[in-house]
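Okay, so here's the structure we're looking at.
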Amino acid sequence: MKKTLAGLVKLNKFIAISLPVLLSIFLVRMESLAHRELSPPECRVKKWDIPVSFTPKQKAPLIERLPVTCCQNDRSCFDEVIYGKTPDKKALISAIARSLQYLETANAAAAYQNYPVAGITRDRVLKSLKRFRELLLTINSATELHQAIEREFVLYQSVGKDNKGSVLFTAYYEPLYAASRFPTTEYRYPVYRLPPDFNSWPKPHPTREELEGSDGLQSAKGRLRGQELFWFRDRLEPYLAQIEGSARLQLPDGTQTTIGYAGHTAYSYKSIGRELVNDGKLPLEGITLPIILDYFQKHPQELNIYIPRDRSFVFFQENHGEPAQGSINVPLTAERSIATDKSLMPPGALALIRASIPFVNPTGKMEERIISRYVLDQDTGGAIKGTGRVDYFLGTGKIAGDRAGVTVSNGQLFYLLLKSKN
């Protein structure tokens with residue numbers, strides 16, 4: 001679903017979502033918020049690293065290891081939100097059902113046919129998900145669930161970007177924008193459906209500027225004439241929708257609908273945040289999506305300079321209110337879906353992520369928490385490449401977007417599979 005504006009443009013059938021969301025969006029390094037000390041460093045980090053004694057095989061994206069035994073009183077070790085005051089078990093079970101649905105398809109069979117890690121098969125992933133669901137339905141505490149996983153499962157850990165397990169986490173979301181089905185003096189900036197003759201377009205494809213003009217209003221002069229799908233009030237919004245790869249739209253009559261990724265031109269995404277840094281308009285250190293948005297709010301005329309520098313272009317389809325979908329063609333679940341490089345990571349599989357993620361506290365301020373979360377690998381994105389990248393789906397709307405825009409931290413990624421004897 002996402003391009004990640006933290007999302008990049010999804011490739012082919014994938015939603016353009018994953019430049020790592022917002023952050024990914026701009027592929028500009030942000031400084032993390034101060035970590036809240038939850039437990040000693042050896043509990044928060046060291047126990048989760050790939051063991052020093054491990055010698056990685058050439059190009060092996062995942063290594064097998066036993067589950068981590070949690071430090072005493074380290075609550076960040078457990079996925080406690082499943083059993084919290086507002087239990088999240090239902091959402092996780094729903095996400096599991098969607099992965100199980102995918103794993104029964106011919107696409108899943110093809111994806112696992114030549115999977116690069118020995119021992120990870122579609123059948124094993126399927127059985128592991130079903131057993132994990134059984135545990136969820138019968139166990140009533142995070143501690144007991146972790147203990148059951150220690151008994152029955154092994155972990156396959158991503159070697160990360162450094163062969164030590166370090167993975168860069170960003171986040172993405174589904175934005176909510178005001179839009180119209182018809183152009184007006186208020187709604188002038190369109191997004192476009194995939195042209196019916198797109199597959200016959202010669203390459204190199206037209207650039208963004210050639211398709212819509214530097215101001216985003218010149219599509220009638222080129223190949224996009226008549227392909228307008230919805231119109232937005234702000235020049236930046238349809239571009240950000242392309243970055244995220246999907247959006248929920250609030251229409252003037254009070255109804256809502258959704259749009260999702262339908263295709264893209266054959267150009268790599270170029271970060272406009274990085275371009276601002278290169279031009280000396282913003283400092284690299286501490287840059288976040290809100291800072292980038294604030295810059296363009298103060299200098300709206302510069303959108304016509306920087307947006308055209310990104311030659312890539314994303315097309316949409318109306319999804320009529322359906323939730324954002326991932327690259328395996330199932331709806332994404334807030335806080336329970338991730339995007340990874342599907343040439344390396346097992347699609348639809350159950351994973352455990354451990355990273356520092358921002359939350360809005362009761363006072364309305366953002367704070368980071370080190371969390372462990374069971375998630376389903378259901379998406380990918382153009383900026384999510386290699387073993388050292390994960391994009392975390394945070395849901396729909398402003399709060400999700402605010403959190404996604406400041407999500408960037410190093411953590412670990414594990415896949416849970418039943419032990420061979422099970």
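Chains: A, B, ... in order of the structure tokens. Residues: from 1 per chain. Ligands: from 1, in order shown.
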Could you list, as a list in words, every residue within 6 Å of A:Ser356, counting only C-alpha atoms and ignoring same-chain residues fewer than 3 positions away? Glu368, Arg369, Ile370 and Ser409 of chain A
Mind dumping the selected residues with C-alpha atoms as a PDB file, in the first residue's frame?
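Saved the output as result03.pdb:
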```
ATOM      1  CA  GLU A 368       9.440   7.067  22.287  1.00  0.00           C
ATOM      2  CA  ARG A 369       9.006   3.615  23.739  1.00  0.00           C
ATOM      3  CA  ILE A 370      11.019   0.500  23.079  1.00  0.00           C
ATOM      4  CA  SER A 409      15.239   4.000  14.874  1.00  0.00           C
TER       5      SER A 409
END
```
Just the residues within 7 Å of stretch 300-309 of chain A, please, counting only C-alpha atoms, with nothing from its chain fewer than 3 positions along; format it as a PDB file with all heavy atoms, in the first residue's frame.
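Saved result, result.pdb, follows:
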```pdb
ATOM      1  N   ARG A 208       7.857  13.426 -14.434  1.00  0.00           N
ATOM      2  CA  ARG A 208       6.756  14.075 -13.717  1.00  0.00           C
ATOM      3  C   ARG A 208       6.441  15.442 -14.327  1.00  0.00           C
ATOM      4  O   ARG A 208       5.274  15.777 -14.567  1.00  0.00           O
ATOM      5  CB  ARG A 208       7.128  14.228 -12.239  1.00  0.00           C
ATOM      6  CG  ARG A 208       6.093  15.019 -11.416  1.00  0.00           C
ATOM      7  CD  ARG A 208       6.549  15.167  -9.977  1.00  0.00           C
ATOM      8  NE  ARG A 208       6.677  13.853  -9.365  1.00  0.00           N
ATOM      9  CZ  ARG A 208       5.669  13.179  -8.818  1.00  0.00           C
ATOM     10  NH1 ARG A 208       4.457  13.704  -8.830  1.00  0.00           N
ATOM     11  NH2 ARG A 208       5.863  11.998  -8.277  1.00  0.00           N
ATOM     12  N   GLU A 209       7.460  16.228 -14.582  1.00  0.00           N
ATOM     13  CA  GLU A 209       7.226  17.565 -15.129  1.00  0.00           C
ATOM     14  C   GLU A 209       6.606  17.480 -16.517  1.00  0.00           C
ATOM     15  O   GLU A 209       5.731  18.288 -16.863  1.00  0.00           O
ATOM     16  CB  GLU A 209       8.532  18.349 -15.180  1.00  0.00           C
ATOM     17  CG  GLU A 209       8.339  19.795 -15.628  1.00  0.00           C
ATOM     18  CD  GLU A 209       9.582  20.640 -15.400  1.00  0.00           C
ATOM     19  OE1 GLU A 209      10.615  20.088 -15.000  1.00  0.00           O
ATOM     20  OE2 GLU A 209       9.501  21.869 -15.621  1.00  0.00           O
ATOM     21  N   SER A 214       5.356  21.842 -14.260  1.00  0.00           N
ATOM     22  CA  SER A 214       6.048  22.180 -13.016  1.00  0.00           C
ATOM     23  C   SER A 214       5.077  22.610 -11.923  1.00  0.00           C
ATOM     24  O   SER A 214       5.359  22.437 -10.734  1.00  0.00           O
ATOM     25  CB  SER A 214       7.070  23.291 -13.255  1.00  0.00           C
ATOM     26  OG  SER A 214       6.430  24.474 -13.709  1.00  0.00           O
ATOM     27  N   ASP A 215       3.919  23.140 -12.306  1.00  0.00           N
ATOM     28  CA  ASP A 215       2.938  23.591 -11.311  1.00  0.00           C
ATOM     29  C   ASP A 215       1.871  22.556 -11.014  1.00  0.00           C
ATOM     30  O   ASP A 215       0.952  22.798 -10.228  1.00  0.00           O
ATOM     31  CB  ASP A 215       2.284  24.897 -11.760  1.00  0.00           C
ATOM     32  CG  ASP A 215       1.516  24.753 -13.075  1.00  0.00           C
ATOM     33  OD1 ASP A 215       1.521  23.639 -13.662  1.00  0.00           O
ATOM     34  OD2 ASP A 215       0.916  25.749 -13.517  1.00  0.00           O
ATOM     35  N   ILE A 272      12.608  14.861  -2.019  1.00  0.00           N
ATOM     36  CA  ILE A 272      12.638  16.316  -2.057  1.00  0.00           C
ATOM     37  C   ILE A 272      13.203  16.874  -0.750  1.00  0.00           C
ATOM     38  O   ILE A 272      13.724  17.987  -0.722  1.00  0.00           O
ATOM     39  CB  ILE A 272      11.259  16.928  -2.372  1.00  0.00           C
ATOM     40  CG1 ILE A 272      10.224  16.587  -1.310  1.00  0.00           C
ATOM     41  CG2 ILE A 272      10.780  16.462  -3.741  1.00  0.00           C
ATOM     42  CD1 ILE A 272       8.886  17.289  -1.526  1.00  0.00           C
ATOM     43  N   PHE A 296       7.668  24.228   3.304  1.00  0.00           N
ATOM     44  CA  PHE A 296       6.867  24.498   2.112  1.00  0.00           C
ATOM     45  C   PHE A 296       5.624  25.338   2.418  1.00  0.00           C
ATOM     46  O   PHE A 296       5.107  26.024   1.540  1.00  0.00           O
ATOM     47  CB  PHE A 296       6.482  23.187   1.440  1.00  0.00           C
ATOM     48  CG  PHE A 296       7.607  22.553   0.681  1.00  0.00           C
ATOM     49  CD1 PHE A 296       8.043  21.276   1.002  1.00  0.00           C
ATOM     50  CD2 PHE A 296       8.241  23.230  -0.337  1.00  0.00           C
ATOM     51  CE1 PHE A 296       9.088  20.683   0.299  1.00  0.00           C
ATOM     52  CE2 PHE A 296       9.289  22.651  -1.040  1.00  0.00           C
ATOM     53  CZ  PHE A 296       9.716  21.380  -0.722  1.00  0.00           C
ATOM     54  N   GLN A 297       5.164  25.292   3.661  1.00  0.00           N
ATOM     55  CA  GLN A 297       4.061  26.185   4.025  1.00  0.00           C
ATOM     56  C   GLN A 297       4.521  27.638   3.997  1.00  0.00           C
ATOM     57  O   GLN A 297       3.771  28.533   3.597  1.00  0.00           O
ATOM     58  CB  GLN A 297       3.546  25.827   5.420  1.00  0.00           C
ATOM     59  CG  GLN A 297       2.307  26.629   5.833  1.00  0.00           C
ATOM     60  CD  GLN A 297       1.729  26.160   7.152  1.00  0.00           C
ATOM     61  OE1 GLN A 297       2.431  25.570   7.972  1.00  0.00           O
ATOM     62  NE2 GLN A 297       0.452  26.399   7.363  1.00  0.00           N
TER      63      GLN A 297
END
```
Could you give me, as number ranges by chain, each residue of stretch 103-302 of chain A that DSSP assigns to helix (DSSP H, G or I) when run on this structure's backbone? A: 103, 106-113, 122-138, 142-152, 198-200, 208-212, 219-221, 236-244, 272-278, 289-298, 300-302
Find the residues of stretch 286-358 of chain A that sit at most 10 Å from stretch 385-393 of chain A; for each, write down the nearest two atoms and how far apart they are in Å, to one decimal. Count only C-alpha atoms. Sort by chain, then by number going up, and give it as a Markdown table.
```
| residue | atom | partner | partner_atom | distance |
| --- | --- | --- | --- | --- |
| A:Gly326 | CA | A:Phe393 | CA | 9.9 |
| A:Leu332 | CA | A:Phe393 | CA | 7.5 |
| A:Thr333 | CA | A:Phe393 | CA | 7.3 |
| A:Ala334 | CA | A:Phe393 | CA | 5.6 |
| A:Glu335 | CA | A:Phe393 | CA | 5.8 |
| A:Arg336 | CA | A:Phe393 | CA | 7.2 |
| A:Ser337 | CA | A:Phe393 | CA | 5.6 |
| A:Ile338 | CA | A:Tyr392 | CA | 4.6 |
| A:Ala339 | CA | A:Asp391 | CA | 4.9 |
| A:Thr340 | CA | A:Val390 | CA | 5.2 |
| A:Asp341 | CA | A:Lys385 | CA | 5.1 |
| A:Lys342 | CA | A:Lys385 | CA | 8.6 |
| A:Ser343 | CA | A:Gly386 | CA | 8.4 |
| A:Leu344 | CA | A:Thr387 | CA | 7.1 |
| A:Met345 | CA | A:Thr387 | CA | 7.9 |
| A:Ile353 | CA | A:Val390 | CA | 9.0 |
| A:Ile357 | CA | A:Tyr392 | CA | 9.5 |
```
Keeping only N, CA, C and O atoms, write those residues as a short mmCIF file (atom, residue, chain, number, x, y, z; two decimals), in the first residue's frame.
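The resulting file, part_39.cif, is shown below:
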```cif
data_model
loop_
_atom_site.label_atom_id
_atom_site.label_comp_id
_atom_site.auth_asym_id
_atom_site.auth_seq_id
_atom_site.Cartn_x
_atom_site.Cartn_y
_atom_site.Cartn_z
N GLY A 326 -1.69 -4.07 1.11
CA GLY A 326 -0.27 -4.29 0.96
C GLY A 326 0.05 -5.00 -0.34
O GLY A 326 -0.83 -5.33 -1.13
N LEU A 332 -4.11 -3.90 5.05
CA LEU A 332 -3.13 -3.72 6.12
C LEU A 332 -3.83 -3.44 7.44
O LEU A 332 -4.93 -2.90 7.48
N THR A 333 -3.18 -3.79 8.54
CA THR A 333 -3.72 -3.59 9.88
C THR A 333 -2.79 -2.66 10.64
O THR A 333 -1.59 -2.90 10.73
N ALA A 334 -3.36 -1.58 11.19
CA ALA A 334 -2.55 -0.62 11.94
C ALA A 334 -1.80 -1.30 13.07
O ALA A 334 -2.36 -2.08 13.83
N GLU A 335 -0.51 -1.00 13.17
CA GLU A 335 0.39 -1.51 14.20
C GLU A 335 0.69 -3.01 14.07
O GLU A 335 1.46 -3.56 14.86
N ARG A 336 0.08 -3.68 13.05
CA ARG A 336 0.28 -5.13 12.92
C ARG A 336 0.77 -5.54 11.54
O ARG A 336 0.93 -6.73 11.29
N SER A 337 1.01 -4.59 10.65
CA SER A 337 1.53 -4.90 9.32
C SER A 337 2.86 -4.20 9.11
O SER A 337 3.04 -3.05 9.53
N ILE A 338 3.77 -4.89 8.43
CA ILE A 338 5.05 -4.27 8.09
C ILE A 338 5.32 -4.45 6.60
O ILE A 338 4.74 -5.31 5.94
N ALA A 339 6.24 -3.64 6.10
CA ALA A 339 6.72 -3.74 4.73
C ALA A 339 8.21 -4.06 4.77
O ALA A 339 8.96 -3.44 5.53
N THR A 340 8.61 -5.04 3.96
CA THR A 340 10.02 -5.41 3.86
C THR A 340 10.35 -5.68 2.39
O THR A 340 9.48 -5.63 1.53
N ASP A 341 11.59 -5.99 2.13
CA ASP A 341 12.03 -6.36 0.79
C ASP A 341 11.58 -7.80 0.53
O ASP A 341 12.11 -8.76 1.09
N LYS A 342 10.58 -7.96 -0.35
CA LYS A 342 9.99 -9.28 -0.57
C LYS A 342 10.87 -10.20 -1.42
O LYS A 342 10.53 -11.37 -1.59
N SER A 343 11.98 -9.71 -1.92
CA SER A 343 12.91 -10.62 -2.57
C SER A 343 13.74 -11.38 -1.55
O SER A 343 14.42 -12.35 -1.88
N LEU A 344 13.68 -10.93 -0.28
CA LEU A 344 14.49 -11.52 0.77
C LEU A 344 13.67 -12.06 1.94
O LEU A 344 14.07 -13.03 2.58
N MET A 345 12.54 -11.42 2.24
CA MET A 345 11.77 -11.75 3.43
C MET A 345 10.50 -12.53 3.06
O MET A 345 9.93 -12.31 2.00
N ILE A 353 8.93 -7.65 15.81
CA ILE A 353 9.81 -6.49 15.67
C ILE A 353 10.11 -5.93 17.05
O ILE A 353 9.29 -6.01 17.96
N ILE A 357 9.62 3.23 19.05
CA ILE A 357 8.53 3.79 18.25
C ILE A 357 7.90 4.96 19.00
O ILE A 357 7.65 4.87 20.21
#
```
Run DSSP on the backbone of this structure and report the residues of stretch 105-275 of chain A it assigns to strand (DSSP E), as number ranges by chain. A: 153-158, 167-174, 176-180, 189-192, 228-232, 246-250, 256-264
Write out, as a compact mmCIF listing (two decimals), in the first residue's frame, the residues just selected, with N, CA and C atoms.
```
# COMPACT_ATOMS: atom_id res chain seq x y z
N PHE A 153 8.67 -22.52 19.20
CA PHE A 153 9.11 -21.81 18.00
C PHE A 153 10.62 -21.58 18.00
N VAL A 154 11.14 -21.38 16.81
CA VAL A 154 12.48 -20.82 16.63
C VAL A 154 12.33 -19.48 15.92
N LEU A 155 13.35 -18.66 16.04
CA LEU A 155 13.36 -17.36 15.38
C LEU A 155 14.33 -17.38 14.21
N TYR A 156 13.94 -16.72 13.14
CA TYR A 156 14.86 -16.45 12.04
C TYR A 156 15.08 -14.94 12.04
N GLN A 157 16.28 -14.54 12.39
CA GLN A 157 16.58 -13.12 12.55
C GLN A 157 17.20 -12.54 11.29
N SER A 158 16.73 -11.35 10.90
CA SER A 158 17.36 -10.65 9.78
C SER A 158 18.78 -10.28 10.15
N VAL A 167 18.51 -3.24 12.15
CA VAL A 167 17.54 -2.93 11.09
C VAL A 167 17.01 -1.52 11.30
N LEU A 168 16.98 -0.73 10.24
CA LEU A 168 16.42 0.62 10.31
C LEU A 168 14.91 0.56 10.16
N PHE A 169 14.20 1.10 11.15
CA PHE A 169 12.74 1.16 11.13
C PHE A 169 12.27 2.57 10.81
N THR A 170 11.36 2.65 9.85
CA THR A 170 10.59 3.86 9.61
C THR A 170 9.12 3.45 9.64
N ALA A 171 8.23 4.39 9.37
CA ALA A 171 6.81 4.07 9.43
C ALA A 171 6.06 4.77 8.32
N TYR A 172 4.90 4.25 8.00
CA TYR A 172 4.04 4.88 7.01
C TYR A 172 2.59 4.81 7.46
N TYR A 173 1.73 5.51 6.73
CA TYR A 173 0.34 5.60 7.16
C TYR A 173 -0.54 5.91 5.96
N GLU A 174 -1.83 5.91 6.19
CA GLU A 174 -2.79 6.28 5.16
C GLU A 174 -3.30 7.69 5.48
N LEU A 176 -5.41 11.26 5.31
CA LEU A 176 -6.80 11.66 5.08
C LEU A 176 -6.79 13.08 4.53
N TYR A 177 -7.30 13.25 3.31
CA TYR A 177 -7.31 14.55 2.65
C TYR A 177 -8.71 14.91 2.19
N ALA A 178 -8.98 16.20 2.13
CA ALA A 178 -10.18 16.69 1.48
C ALA A 178 -9.95 16.65 -0.03
N ALA A 179 -10.96 16.17 -0.77
CA ALA A 179 -10.81 16.05 -2.22
C ALA A 179 -12.18 16.12 -2.88
N SER A 180 -12.16 16.27 -4.19
CA SER A 180 -13.40 16.38 -4.96
C SER A 180 -13.32 15.50 -6.20
N TYR A 189 -5.81 20.45 -8.02
CA TYR A 189 -4.63 19.60 -8.24
C TYR A 189 -5.03 18.13 -8.25
N PRO A 190 -4.90 17.46 -9.40
CA PRO A 190 -5.42 16.09 -9.51
C PRO A 190 -4.41 14.99 -9.17
N VAL A 191 -4.98 13.83 -8.86
CA VAL A 191 -4.25 12.57 -8.98
C VAL A 191 -4.88 11.84 -10.17
N TYR A 192 -4.18 10.82 -10.69
CA TYR A 192 -4.57 10.26 -11.98
C TYR A 192 -4.75 8.74 -11.90
N GLU A 228 -7.77 12.24 -15.03
CA GLU A 228 -7.90 12.76 -13.67
C GLU A 228 -8.89 11.90 -12.87
N LEU A 229 -8.53 11.60 -11.64
CA LEU A 229 -9.36 10.75 -10.79
C LEU A 229 -10.03 11.55 -9.69
N PHE A 230 -9.26 12.33 -8.93
CA PHE A 230 -9.77 13.23 -7.89
C PHE A 230 -8.91 14.49 -7.90
N TRP A 231 -9.49 15.57 -7.36
CA TRP A 231 -8.79 16.84 -7.28
C TRP A 231 -8.61 17.24 -5.81
N PHE A 232 -7.45 17.85 -5.54
CA PHE A 232 -7.10 18.28 -4.19
C PHE A 232 -6.95 19.80 -4.15
N SER A 246 -1.36 5.50 -1.02
CA SER A 246 -2.80 5.36 -0.79
C SER A 246 -3.26 6.57 0.00
N ALA A 247 -4.56 6.77 0.05
CA ALA A 247 -5.11 7.87 0.84
C ALA A 247 -6.60 7.63 1.05
N ARG A 248 -7.09 8.17 2.14
CA ARG A 248 -8.54 8.22 2.40
C ARG A 248 -8.98 9.65 2.10
N LEU A 249 -10.07 9.79 1.37
CA LEU A 249 -10.51 11.10 0.89
C LEU A 249 -11.85 11.48 1.51
N GLN A 250 -11.92 12.71 2.02
CA GLN A 250 -13.16 13.28 2.54
C GLN A 250 -13.74 14.16 1.44
N GLN A 256 -16.87 9.52 2.33
CA GLN A 256 -15.46 9.22 2.19
C GLN A 256 -15.25 8.11 1.17
N THR A 257 -14.09 8.12 0.57
CA THR A 257 -13.68 7.02 -0.29
C THR A 257 -12.18 6.84 -0.13
N THR A 258 -11.62 5.87 -0.81
CA THR A 258 -10.19 5.62 -0.71
C THR A 258 -9.60 5.45 -2.10
N ILE A 259 -8.31 5.75 -2.21
CA ILE A 259 -7.57 5.49 -3.44
C ILE A 259 -6.34 4.66 -3.09
N GLY A 260 -5.92 3.84 -4.04
CA GLY A 260 -4.75 3.00 -3.81
C GLY A 260 -3.90 2.93 -5.06
N TYR A 261 -2.73 2.42 -4.89
CA TYR A 261 -1.73 2.34 -5.94
C TYR A 261 -2.22 1.51 -7.13
N ALA A 262 -1.98 2.03 -8.35
CA ALA A 262 -2.36 1.29 -9.56
C ALA A 262 -1.19 1.08 -10.51
N GLY A 263 -0.11 1.84 -10.34
CA GLY A 263 1.04 1.70 -11.22
C GLY A 263 1.97 2.89 -11.07
N HIS A 264 3.13 2.82 -11.70
CA HIS A 264 4.06 3.93 -11.62
C HIS A 264 4.98 3.93 -12.83
```
Using Å and a single decimal, report how far atom CA of A:Lys127 sits from atom CA of A:Ala109.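 Interatomic distance here is 14.5 Å.
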